[in-house]
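Chemist: My file is final21.cif. It has mmCIF, C-alpha atoms:
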```cif
data_start
#
loop_
_atom_site.label_atom_id
_atom_site.label_comp_id
_atom_site.auth_asym_id
_atom_site.auth_seq_id
_atom_site.Cartn_x
_atom_site.Cartn_y
_atom_site.Cartn_z
CA MET A 92 -20.52 -25.09 -1.33
CA THR A 93 -20.36 -21.45 -0.26
CA ASP A 94 -21.95 -18.91 -2.60
CA SER A 95 -19.66 -16.38 -4.24
CA PHE A 96 -19.68 -12.82 -2.94
CA LEU A 97 -21.49 -11.50 -6.02
CA LYS A 98 -24.14 -14.25 -5.67
CA LYS A 99 -24.68 -13.19 -2.05
CA LEU A 100 -24.99 -9.56 -3.13
CA GLU A 101 -27.41 -10.44 -5.95
CA ALA A 102 -29.52 -12.57 -3.60
CA ARG A 103 -29.74 -9.67 -1.18
CA ALA A 104 -30.68 -7.22 -3.95
CA ARG A 105 -33.53 -9.52 -5.03
CA ALA A 106 -34.69 -10.21 -1.47
CA VAL A 107 -35.11 -6.52 -0.62
CA ASN A 108 -35.76 -5.39 -4.22
CA SER A 109 -33.13 -2.72 -3.81
CA LEU A 110 -29.72 -1.68 -5.15
CA LEU A 111 -29.20 0.80 -2.32
CA CYS A 112 -25.74 0.70 -0.77
CA VAL A 113 -25.80 2.69 2.47
CA GLY A 114 -22.54 4.52 3.14
CA LEU A 115 -21.46 4.70 6.76
CA ASP A 116 -19.29 7.82 6.74
CA ALA A 117 -18.72 8.88 10.34
CA HIS A 118 -17.55 12.42 9.48
CA LEU A 119 -16.15 14.20 12.51
CA GLU A 120 -18.66 17.04 12.09
CA PHE A 121 -21.54 14.54 12.42
CA LEU A 122 -20.30 13.33 15.82
CA PRO A 123 -20.99 14.97 19.21
CA GLU A 124 -17.38 14.12 20.17
CA PRO A 125 -14.37 12.63 18.34
CA THR A 126 -14.52 9.16 19.90
CA GLY A 127 -14.94 5.58 18.73
CA LYS A 128 -18.15 5.30 20.75
CA ALA A 129 -19.69 8.36 19.06
CA ALA A 130 -18.82 6.91 15.63
CA TYR A 131 -20.31 3.55 16.59
CA ASP A 132 -23.53 5.14 17.88
CA PHE A 133 -23.85 7.31 14.74
CA CYS A 134 -23.51 4.25 12.48
CA VAL A 135 -25.87 2.06 14.52
CA ARG A 136 -28.60 4.71 14.25
CA LEU A 137 -28.17 4.78 10.46
CA ILE A 138 -28.14 0.98 10.25
CA ASP A 139 -31.27 0.60 12.37
CA GLN A 140 -33.15 3.04 10.15
CA THR A 141 -32.06 1.65 6.77
CA HIS A 142 -31.26 -2.07 7.01
CA ASN A 143 -34.65 -3.16 5.65
CA LEU A 144 -33.98 -1.19 2.46
CA ALA A 145 -30.26 -1.81 2.15
CA CYS A 146 -28.69 -4.11 -0.41
CA ALA A 147 -25.36 -3.57 1.39
CA PHE A 148 -23.60 -1.33 3.89
CA LYS A 149 -20.37 0.45 3.05
CA PRO A 150 -18.43 1.76 6.08
CA ASN A 151 -15.65 4.16 5.12
CA SER A 152 -12.41 3.17 6.86
CA ALA A 153 -10.89 6.67 6.78
CA PHE A 154 -13.33 8.25 9.24
CA PHE A 155 -12.72 5.49 11.77
CA GLU A 156 -8.92 5.59 11.33
CA ALA A 157 -9.02 9.35 11.96
CA LEU A 158 -10.28 8.50 15.47
CA GLY A 159 -7.24 6.30 16.16
CA SER A 160 -7.23 2.81 17.63
CA ALA A 161 -10.61 3.35 19.32
CA GLY A 162 -12.04 4.24 15.90
CA PHE A 163 -10.53 1.11 14.35
CA GLU A 164 -12.18 -0.96 17.09
CA ALA A 165 -15.50 0.87 16.54
CA LEU A 166 -15.30 -0.04 12.83
CA ARG A 167 -15.00 -3.71 13.76
CA ASP A 168 -17.93 -3.36 16.18
CA VAL A 169 -20.11 -1.64 13.53
CA ILE A 170 -19.49 -4.49 11.08
CA ALA A 171 -20.24 -7.08 13.78
CA TYR A 172 -23.49 -5.24 14.57
CA ILE A 173 -24.61 -5.50 10.92
CA HIS A 174 -23.74 -9.23 10.79
CA ARG A 175 -25.70 -9.89 14.01
CA LEU A 176 -28.70 -7.95 12.67
CA ASP A 177 -28.77 -9.85 9.37
CA PRO A 178 -26.09 -12.33 8.26
CA ALA A 179 -27.38 -12.04 4.66
CA LEU A 180 -26.48 -8.34 4.51
CA PRO A 181 -23.11 -7.82 2.79
CA VAL A 182 -20.61 -5.33 4.22
CA ILE A 183 -18.25 -3.64 1.77
CA LEU A 184 -15.33 -1.90 3.47
CA ASP A 185 -14.53 1.30 1.61
CA ALA A 186 -10.75 1.23 1.99
CA LYS A 187 -9.36 1.68 -1.57
CA ARG A 188 -6.22 -0.22 -0.62
CA SER A 189 -3.39 -0.84 -3.09
CA ASP A 190 -0.38 -2.93 -2.21
CA ILE A 191 1.40 -6.08 -3.26
CA ALA A 192 2.32 -9.56 -2.07
CA SER A 193 2.61 -9.99 1.69
CA THR A 194 1.47 -6.41 2.30
CA ALA A 195 -1.78 -7.03 0.43
CA GLU A 196 -2.20 -10.25 2.42
CA ALA A 197 -1.87 -8.23 5.64
CA TYR A 198 -4.53 -5.76 4.41
CA ALA A 199 -6.77 -8.74 3.55
CA ARG A 200 -6.29 -10.09 7.05
CA ALA A 201 -7.20 -6.69 8.53
CA ALA A 202 -10.33 -6.31 6.35
CA PHE A 203 -11.68 -9.86 6.46
CA GLU A 204 -10.37 -11.40 9.70
CA TYR A 205 -10.05 -8.52 12.15
CA LEU A 206 -12.76 -6.17 10.82
CA GLY A 207 -15.02 -8.91 9.43
CA ALA A 208 -15.97 -7.27 6.11
CA ASP A 209 -17.32 -9.38 3.20
CA ALA A 210 -15.62 -7.27 0.54
CA LEU A 211 -13.58 -4.11 0.13
CA THR A 212 -12.74 -1.47 -2.43
CA LEU A 213 -9.30 -1.60 -4.10
CA ASN A 214 -7.24 0.59 -6.44
CA PRO A 215 -6.08 -0.95 -9.76
CA TYR A 216 -2.80 0.98 -10.36
CA LEU A 217 -0.49 -1.80 -9.12
CA GLY A 218 -2.04 -4.50 -11.32
CA HIS A 219 -3.30 -8.07 -10.85
CA ASP A 220 -1.02 -9.24 -8.05
CA ALA A 221 -2.29 -6.40 -5.84
CA ILE A 222 -5.84 -7.73 -6.24
CA GLU A 223 -5.26 -11.51 -6.00
CA PRO A 224 -4.64 -11.74 -2.22
CA PHE A 225 -8.15 -10.33 -1.65
CA VAL A 226 -10.13 -12.56 -4.00
CA GLY A 227 -8.77 -16.07 -3.37
CA LYS A 228 -11.90 -17.05 -1.45
CA PRO A 229 -15.09 -16.80 -3.57
CA GLU A 230 -17.16 -15.66 -0.58
CA ARG A 231 -14.93 -12.61 -0.11
CA GLY A 232 -15.01 -9.93 -2.80
CA ALA A 233 -13.47 -6.75 -4.12
CA PHE A 234 -14.70 -3.72 -6.03
CA VAL A 235 -11.88 -2.20 -8.07
CA LEU A 236 -11.87 1.54 -8.79
CA CYS A 237 -12.58 2.18 -12.45
CA HIS A 238 -14.06 5.68 -12.98
CA THR A 239 -14.46 7.97 -9.99
CA SER A 240 -16.67 11.05 -9.61
CA ASN A 241 -14.07 13.65 -8.58
CA PRO A 242 -12.46 16.40 -10.73
CA GLY A 243 -9.13 14.47 -10.77
CA VAL A 244 -10.75 11.76 -12.90
CA ALA A 245 -9.45 13.69 -15.92
CA ASP A 246 -5.80 13.47 -14.79
CA PHE A 247 -5.27 9.76 -15.52
CA GLN A 248 -8.53 7.75 -15.74
CA ASP A 249 -9.81 9.66 -18.80
CA VAL A 250 -6.46 9.74 -20.65
CA PRO A 251 -6.55 7.89 -24.01
CA ILE A 252 -4.27 4.86 -24.14
CA GLY A 253 -2.76 2.70 -26.86
CA LYS A 254 -4.21 2.68 -30.36
CA GLN A 255 -7.71 1.50 -29.45
CA HIS A 256 -9.08 4.99 -28.68
CA GLN A 257 -9.97 3.76 -25.24
CA ALA A 258 -9.65 5.79 -22.06
CA LEU A 259 -7.53 4.27 -19.30
CA TYR A 260 -10.64 3.54 -17.19
CA GLU A 261 -12.20 1.47 -20.01
CA TYR A 262 -8.98 -0.51 -20.37
CA VAL A 263 -8.93 -1.00 -16.58
CA ALA A 264 -12.54 -2.29 -16.69
CA GLY A 265 -11.70 -4.87 -19.36
CA GLN A 266 -8.51 -6.06 -17.68
CA VAL A 267 -10.01 -6.29 -14.20
CA MET A 268 -12.89 -8.41 -15.51
CA THR A 269 -10.41 -10.99 -16.86
CA TRP A 270 -9.29 -11.49 -13.23
CA ASN A 271 -12.85 -12.27 -12.07
CA ARG A 272 -12.50 -16.06 -12.07
CA ALA A 273 -14.33 -16.64 -8.77
CA ASP A 274 -17.36 -14.36 -9.41
CA ASN A 275 -16.26 -11.97 -6.68
CA ILE A 276 -14.83 -8.87 -8.41
CA GLY A 277 -16.85 -5.78 -9.30
CA LEU A 278 -16.02 -2.29 -10.55
CA VAL A 279 -16.53 1.11 -8.95
CA VAL A 280 -18.04 3.61 -11.42
CA GLY A 281 -19.17 6.97 -10.11
CA ALA A 282 -22.93 6.99 -10.73
CA PRO A 283 -23.38 10.67 -11.73
CA ASP A 284 -21.47 10.06 -14.98
CA ASP A 285 -23.88 7.95 -17.04
CA GLN A 286 -21.65 8.13 -20.12
CA ALA A 287 -18.84 6.41 -18.20
CA LEU A 288 -21.30 3.84 -16.90
CA ARG A 289 -22.46 3.09 -20.49
CA ARG A 290 -18.89 2.76 -21.72
CA VAL A 291 -17.96 0.42 -18.86
CA ARG A 292 -21.08 -1.65 -19.62
CA ALA A 293 -19.89 -1.97 -23.22
CA VAL A 294 -16.43 -3.17 -22.17
CA ALA A 295 -17.58 -5.38 -19.29
CA PRO A 296 -21.23 -6.37 -19.92
CA GLU A 297 -21.10 -9.34 -17.54
CA ALA A 298 -19.87 -7.17 -14.63
CA CYS A 299 -22.53 -4.61 -15.31
CA CYS A 300 -25.36 -7.14 -15.23
CA ARG A 301 -24.61 -6.57 -11.59
CA ALA A 302 -24.03 -2.85 -12.09
CA TRP A 303 -22.62 -1.40 -8.96
CA ALA A 304 -21.77 2.13 -8.15
CA PRO A 305 -21.08 2.60 -4.45
CA ARG A 306 -22.28 6.03 -3.35
CA ALA A 307 -22.56 7.33 0.16
CA VAL A 308 -26.11 8.25 1.06
CA SER A 309 -25.46 9.05 4.70
CA MET B 227 9.55 29.45 8.75
CA THR B 228 9.27 25.68 8.84
CA ASP B 229 11.39 23.75 6.37
CA SER B 230 9.56 21.76 3.71
CA PHE B 231 9.39 17.99 4.08
CA LEU B 232 11.86 17.42 1.23
CA LYS B 233 14.30 19.91 2.80
CA LYS B 234 14.08 17.99 6.08
CA LEU B 235 14.71 14.73 4.25
CA GLU B 236 17.64 16.19 2.32
CA ALA B 237 19.17 17.64 5.51
CA ARG B 238 18.92 14.22 7.15
CA ALA B 239 20.50 12.49 4.15
CA ARG B 240 23.46 14.90 4.28
CA ALA B 241 23.81 14.68 8.06
CA VAL B 242 24.15 10.89 8.08
CA ASN B 243 25.57 10.64 4.52
CA SER B 244 22.97 8.01 3.71
CA LEU B 245 19.96 7.42 1.47
CA LEU B 246 18.92 4.35 3.44
CA CYS B 247 15.19 4.18 4.18
CA VAL B 248 14.62 1.47 6.77
CA GLY B 249 11.34 -0.38 6.27
CA LEU B 250 9.51 -1.41 9.44
CA ASP B 251 7.47 -4.36 8.20
CA ALA B 252 6.17 -6.24 11.22
CA HIS B 253 5.31 -9.43 9.29
CA LEU B 254 3.31 -11.85 11.44
CA GLU B 255 5.93 -14.56 10.91
CA PHE B 256 8.62 -12.32 12.42
CA LEU B 257 6.65 -11.93 15.67
CA PRO B 258 6.62 -14.34 18.64
CA GLU B 259 2.88 -13.66 18.98
CA PRO B 260 0.31 -11.68 16.95
CA THR B 261 0.03 -8.70 19.30
CA GLY B 262 0.58 -4.97 19.13
CA LYS B 263 3.27 -5.26 21.81
CA ALA B 264 5.21 -7.85 19.80
CA ALA B 265 5.07 -5.61 16.71
CA TYR B 266 6.24 -2.62 18.77
CA ASP B 267 9.14 -4.56 20.30
CA PHE B 268 10.18 -5.91 16.87
CA CYS B 269 10.26 -2.41 15.40
CA VAL B 270 12.06 -0.84 18.35
CA ARG B 271 14.86 -3.42 18.04
CA LEU B 272 15.24 -2.55 14.35
CA ILE B 273 15.16 1.18 15.06
CA ASP B 274 17.77 0.95 17.83
CA GLN B 275 20.14 -0.91 15.55
CA THR B 276 19.77 1.27 12.45
CA HIS B 277 18.84 4.83 13.39
CA ASN B 278 22.41 6.12 13.12
CA LEU B 279 22.49 4.99 9.48
CA ALA B 280 18.91 5.79 8.52
CA CYS B 281 17.88 8.67 6.31
CA ALA B 282 14.26 7.81 7.15
CA PHE B 283 12.06 5.09 8.62
CA LYS B 284 9.12 3.66 6.70
CA PRO B 285 6.63 1.70 8.85
CA ASN B 286 4.16 -0.32 6.76
CA SER B 287 0.61 0.32 7.96
CA ALA B 288 -0.77 -3.03 6.70
CA PHE B 289 1.13 -5.21 9.17
CA PHE B 290 -0.08 -3.13 12.10
CA GLU B 291 -3.68 -3.01 10.86
CA ALA B 292 -3.63 -6.82 10.56
CA LEU B 293 -3.18 -6.86 14.35
CA GLY B 294 -6.35 -4.82 14.88
CA SER B 295 -6.78 -1.80 17.10
CA ALA B 296 -3.83 -2.82 19.32
CA GLY B 297 -1.67 -2.90 16.17
CA PHE B 298 -2.88 0.55 15.13
CA GLU B 299 -1.92 1.85 18.57
CA ALA B 300 1.48 0.13 18.32
CA LEU B 301 2.06 1.90 14.99
CA ARG B 302 1.47 5.25 16.69
CA ASP B 303 3.82 4.25 19.52
CA VAL B 304 6.56 3.15 17.07
CA ILE B 305 6.41 6.53 15.30
CA ALA B 306 6.48 8.38 18.65
CA TYR B 307 9.54 6.30 19.65
CA ILE B 308 11.41 7.41 16.50
CA HIS B 309 10.50 11.07 17.08
CA ARG B 310 11.70 10.89 20.70
CA LEU B 311 14.96 9.24 19.62
CA ASP B 312 15.71 11.87 16.98
CA PRO B 313 13.28 14.63 15.93
CA ALA B 314 15.33 15.19 12.74
CA LEU B 315 14.57 11.65 11.52
CA PRO B 316 11.65 11.66 9.03
CA VAL B 317 8.98 8.96 9.26
CA ILE B 318 7.23 7.99 6.03
CA LEU B 319 4.07 5.97 6.60
CA ASP B 320 3.75 3.32 3.89
CA ALA B 321 -0.02 3.40 3.44
CA LYS B 322 -0.60 3.86 -0.33
CA ARG B 323 -3.92 5.56 0.35
CA SER B 324 -6.17 6.83 -2.46
CA ASP B 325 -9.34 8.72 -1.76
CA ILE B 326 -10.94 12.09 -2.37
CA ALA B 327 -12.17 15.22 -0.62
CA SER B 328 -13.30 14.73 2.98
CA THR B 329 -12.22 11.07 2.96
CA ALA B 330 -8.65 12.04 2.02
CA GLU B 331 -8.76 14.66 4.78
CA ALA B 332 -9.71 11.94 7.26
CA TYR B 333 -6.78 9.77 6.08
CA ALA B 334 -4.50 12.81 6.45
CA ARG B 335 -5.77 13.31 10.00
CA ALA B 336 -5.09 9.63 10.78
CA ALA B 337 -1.57 9.69 9.30
CA PHE B 338 -0.34 13.07 10.55
CA GLU B 339 -2.36 13.83 13.70
CA TYR B 340 -3.13 10.45 15.26
CA LEU B 341 -0.15 8.42 14.02
CA GLY B 342 2.29 11.34 13.85
CA ALA B 343 3.98 10.53 10.51
CA ASP B 344 5.88 13.22 8.56
CA ALA B 345 4.83 11.88 5.16
CA LEU B 346 3.02 8.97 3.58
CA THR B 347 2.81 7.03 0.33
CA LEU B 348 -0.19 7.66 -1.96
CA ASN B 349 -1.65 6.16 -5.13
CA PRO B 350 -2.10 8.48 -8.16
CA TYR B 351 -5.13 6.83 -9.89
CA LEU B 352 -7.72 9.30 -8.56
CA GLY B 353 -5.82 12.41 -9.63
CA HIS B 354 -4.77 15.70 -8.07
CA ASP B 355 -7.63 16.23 -5.63
CA ALA B 356 -6.80 12.92 -3.95
CA ILE B 357 -3.27 14.22 -3.23
CA GLU B 358 -3.99 17.84 -2.22
CA PRO B 359 -5.41 17.18 1.28
CA PHE B 360 -2.07 15.57 2.23
CA VAL B 361 0.31 18.26 0.97
CA GLY B 362 -1.25 21.53 2.10
CA LYS B 363 1.37 21.93 4.84
CA PRO B 364 4.95 22.13 3.47
CA GLU B 365 6.37 20.24 6.46
CA ARG B 366 4.15 17.22 5.68
CA GLY B 367 4.89 15.27 2.52
CA ALA B 368 3.74 12.54 0.17
CA PHE B 369 5.43 10.01 -2.11
CA VAL B 370 3.16 9.12 -5.00
CA LEU B 371 3.40 5.66 -6.59
CA CYS B 372 4.91 5.91 -10.05
CA HIS B 373 6.57 2.60 -11.09
CA THR B 374 6.36 -0.35 -8.72
CA SER B 375 8.51 -3.48 -8.63
CA ASN B 376 5.82 -6.19 -8.83
CA PRO B 377 4.78 -8.29 -11.88
CA GLY B 378 1.49 -6.34 -12.17
CA VAL B 379 3.48 -3.24 -13.18
CA ALA B 380 2.89 -4.35 -16.78
CA ASP B 381 -0.92 -4.29 -16.45
CA PHE B 382 -1.38 -0.51 -16.35
CA GLN B 383 1.81 1.40 -15.39
CA ASP B 384 3.75 0.25 -18.48
CA VAL B 385 0.87 0.72 -20.96
CA PRO B 386 1.63 3.33 -23.68
CA ILE B 387 -0.65 6.37 -23.55
CA GLY B 388 -1.61 9.19 -25.89
CA LYS B 389 0.56 10.01 -28.89
CA GLN B 390 3.76 10.80 -27.02
CA HIS B 391 5.00 7.20 -26.84
CA GLN B 392 5.13 7.53 -23.10
CA ALA B 393 4.19 4.82 -20.66
CA LEU B 394 1.48 5.67 -18.14
CA TYR B 395 4.06 5.79 -15.29
CA GLU B 396 6.13 8.44 -17.13
CA TYR B 397 3.01 10.52 -17.68
CA VAL B 398 2.14 10.09 -13.99
CA ALA B 399 5.65 11.27 -13.01
CA GLY B 400 5.33 14.43 -15.09
CA GLN B 401 1.83 15.28 -13.89
CA VAL B 402 2.54 14.62 -10.23
CA MET B 403 5.58 16.91 -10.33
CA THR B 404 3.39 19.82 -11.52
CA TRP B 405 1.50 19.46 -8.20
CA ASN B 406 4.70 19.84 -6.16
CA ARG B 407 4.27 23.51 -5.31
CA ALA B 408 5.32 23.24 -1.66
CA ASP B 409 8.47 21.10 -2.15
CA ASN B 410 6.89 18.14 -0.39
CA ILE B 411 5.94 15.60 -3.09
CA GLY B 412 8.19 12.76 -4.24
CA LEU B 413 7.73 9.70 -6.45
CA VAL B 414 7.97 5.99 -5.65
CA VAL B 415 10.05 4.13 -8.24
CA GLY B 416 10.95 0.51 -7.57
CA ALA B 417 14.73 0.52 -7.32
CA PRO B 418 15.49 -2.79 -9.09
CA ASP B 419 14.31 -1.36 -12.43
CA ASP B 420 17.05 1.12 -13.34
CA GLN B 421 15.55 1.75 -16.78
CA ALA B 422 12.33 3.01 -15.17
CA LEU B 423 14.41 5.13 -12.79
CA ARG B 424 16.29 6.68 -15.75
CA ARG B 425 13.05 7.42 -17.61
CA VAL B 426 11.48 9.02 -14.54
CA ARG B 427 14.63 11.13 -14.07
CA ALA B 428 14.24 12.34 -17.67
CA VAL B 429 10.59 13.35 -17.13
CA ALA B 430 11.05 14.76 -13.63
CA PRO B 431 14.72 15.76 -13.18
CA GLU B 432 14.01 18.04 -10.22
CA ALA B 433 12.21 15.30 -8.28
CA CYS B 434 14.98 12.87 -8.95
CA CYS B 435 17.70 15.16 -7.64
CA ARG B 436 16.17 13.78 -4.51
CA ALA B 437 15.82 10.32 -6.04
CA TRP B 438 13.83 8.19 -3.73
CA ALA B 439 12.84 4.59 -3.99
CA PRO B 440 11.38 3.28 -0.75
CA ARG B 441 12.39 -0.35 -0.29
CA ALA B 442 11.96 -2.47 2.77
CA VAL B 443 15.26 -3.66 4.15
CA SER B 444 13.89 -5.29 7.29
#
```
The structure given in the file should be rewritten as structure tokens.
Modeler:
Amino acid sequence: MTDSFLKKLEARARAVNSLLCVGLDAHLEFLPEPTGKAAYDFCVRLIDQTHNLACAFKPNSAFFEALGSAGFEALRDVIAYIHRLDPALPVILDAKRSDIASTAEAYARAAFEYLGADALTLNPYLGHDAIEPFVGKPERGAFVLCHTSNPGVADFQDVPIGKQHQALYEYVAGQVMTWNRADNIGLVVGAPDDQALRRVRAVAPEACCRAWAPRAVS
Amino acid sequence: MTDSFLKKLEARARAVNSLLCVGLDAHLEFLPEPTGKAAYDFCVRLIDQTHNLACAFKPNSAFFEALGSAGFEALRDVIAYIHRLDPALPVILDAKRSDIASTAEAYARAAFEYLGADALTLNPYLGHDAIEPFVGKPERGAFVLCHTSNPGVADFQDVPIGKQHQALYEYVAGQVMTWNRADNIGLVVGAPDDQALRRVRAVAPEACCRAWAPRAVS
């Protein structure tokens, strides 16, 4: 039987004694030229220097898409490079996708089959059926946005809902965890806000045993 | 001075006396083979047959991404084909992106500069600074998800918030409209739910003068 995505991630964290998720953000200003090859080379240098310490890699889809079809191909090649280097090293595609039904299935095909990621980040606003097409296979996973670290967090995520004196992001955390039937769904909580992290731990203690807060360190 | 995106859309609607937004959803099962060329040919046939009636075209990024880098290139070529056919015909990229700061800027570069879209769909969960990088130029626009037509709409969008007896999606509608300083932000409201459409009209009457509910008709 194949291990679940979160089991694979936990095994990796124990093996390297590290919770470090290395962001692969190929910002244009970091590249000598705006090409897929330059983005690939930039990422490979980072991977070579950090893979022994990395619990996971997190390539950011946006910076590759900005380079067009050659960038999209470079993203696939970067993920393949990581898998060749160490098949036990999970790759989380930072894509923050949000769509439903057959559209979500097409995004899942892009992320898992074409690009070869193990997991990806998703946005919760559309509800459970926008998450399901990504988490049907236990060995593939998703991290759902819960509380982000930007100023706009106050616009909707921090707004109080219902009569339970909960903020929307706490309600999101609780709901999303009820969808985690295959041990392959985590939450994204911006690490600088330790109060938010504590409150998410209170709502979703099981998820936070595997506390996860993807942060770019590139 | 360049017209705003919503002015361009309104002018098109009046010129063809139509509010029809034609979805370009290159589902794998519609294609003779899973290639970028097949997706391009499928879309061009649809465009040729509908452009005289179309207020806008709405290619769905997911189905192109599922075909890999050749699909991403086909998406760019489809949008270029529409612009060559009729420069007054707006193209709304259905991408439902949601990210912040430099990542959102990279998505904007992908959508507007590489792919050549006039506008795109976005997700509101991350707040105002996840929308701003897309709407700095009046001639480029964004439609922000408000109330969608899937079962998961009940999970978060319909949840009552605060003390105003508003659902989250109504609050989202009101907030998003305060960001519409350049006349280039609209809302996505699933058309089958006319109650939701009425409630959004009440919260955001100005936006709904240009009522807009992207729906695939392919």
Chemist: Using the chain letters and residue numbers of this document, give as a PDB file with C-alpha atoms, keeping the file's coordinate frame the residues selected by the PyMOL selection byres ((chain B and resi 366) around 10).
Modeler:
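For reference, part_15.pdb as written:
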```
ATOM      1  CA  ASP B 229      11.390  23.750   6.370  1.00  0.00           C
ATOM      2  CA  SER B 230       9.560  21.760   3.710  1.00  0.00           C
ATOM      3  CA  PHE B 231       9.390  17.990   4.080  1.00  0.00           C
ATOM      4  CA  LEU B 232      11.860  17.420   1.230  1.00  0.00           C
ATOM      5  CA  LYS B 234      14.080  17.990   6.080  1.00  0.00           C
ATOM      6  CA  PRO B 316      11.650  11.660   9.030  1.00  0.00           C
ATOM      7  CA  ILE B 318       7.230   7.990   6.030  1.00  0.00           C
ATOM      8  CA  ALA B 334      -4.500  12.810   6.450  1.00  0.00           C
ATOM      9  CA  PHE B 338      -0.340  13.070  10.550  1.00  0.00           C
ATOM     10  CA  ALA B 343       3.980  10.530  10.510  1.00  0.00           C
ATOM     11  CA  ASP B 344       5.880  13.220   8.560  1.00  0.00           C
ATOM     12  CA  ALA B 345       4.830  11.880   5.160  1.00  0.00           C
ATOM     13  CA  LEU B 346       3.020   8.970   3.580  1.00  0.00           C
ATOM     14  CA  PHE B 360      -2.070  15.570   2.230  1.00  0.00           C
ATOM     15  CA  VAL B 361       0.310  18.260   0.970  1.00  0.00           C
ATOM     16  CA  GLY B 362      -1.250  21.530   2.100  1.00  0.00           C
ATOM     17  CA  LYS B 363       1.370  21.930   4.840  1.00  0.00           C
ATOM     18  CA  PRO B 364       4.950  22.130   3.470  1.00  0.00           C
ATOM     19  CA  GLU B 365       6.370  20.240   6.460  1.00  0.00           C
ATOM     20  CA  GLY B 367       4.890  15.270   2.520  1.00  0.00           C
ATOM     21  CA  ALA B 368       3.740  12.540   0.170  1.00  0.00           C
ATOM     22  CA  ALA B 408       5.320  23.240  -1.660  1.00  0.00           C
ATOM     23  CA  ASP B 409       8.470  21.100  -2.150  1.00  0.00           C
ATOM     24  CA  ASN B 410       6.890  18.140  -0.390  1.00  0.00           C
ATOM     25  CA  ILE B 411       5.940  15.600  -3.090  1.00  0.00           C
TER      26      ILE B 411
END
```
Chemist: Would you mind reading off the distance between atom CA of B:Arg302 and atom CA of A:Ile191, one decimal, in Å?
Modeler: 22.9 Å
Chemist: Starting from the PyMOL selection byres ((chain B) within 6 of (chain A)), expand the selection into actual residues of this file and give them as a list in words.
Modeler: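 In the shown coordinates, the PyMOL selection byres ((chain B) within 6 of (chain A)) covers Ala288, Phe289, Glu291, Ala292, Gly294, Ser295, Phe298, Glu299, Thr329, Ala332, Tyr333, Arg335, Ala336, Tyr340, Leu352, Gly353, His354, Asp355, Gly378, Val379, Asp381, Pro386, Ile387 and Gly388 of chain B.
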Chemist: Tell me, in Å to one decimal, how far atom CA of B:Phe283 is from atom CA of B:Cys247.
Modeler: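 So the answer is 5.5 Å.
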Chemist: Rounded to one decimal in Å, what is the spacing between atom CA of A:Thr269 and atom CA of A:Ala295?
Modeler: 9.4 Å
Chemist: Written as a count of residues only, what is the full residue list that the PyMOL selection byres ((chain B and resi 420-426) around 9) yields on the file shown?
Modeler: 21
Chemist: Hey, what's within 10 Å of B:Leu311 if we count only C-alpha atoms and toss same-chain stuff fewer than 6 positions away? As JSON, numbers by chain, please?
Modeler: {"B": [273, 274, 277, 305]}
Chemist: Pick out the closest residue to A:Ala129 from this set: A:Ala104, A:Val169, A:Ala179, A:Cys146. Count all atoms listed in the file.
Modeler: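 The shortest atom-to-atom distance to A:Ala129 comes from A:Val169.
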Chemist: Output, as lines of an AutoDock Vina configuration file, the centre and edge lengths in Å (one decimal) of the axis-aligned box that contains all listed atoms of stretch 282-292 of chain A with 6 Å of margin on each side.
Modeler:
```
center_x = -20.9
center_y = 4.5
center_z = -16.2
size_x = 17.9
size_y = 24.3
size_z = 23.0
```
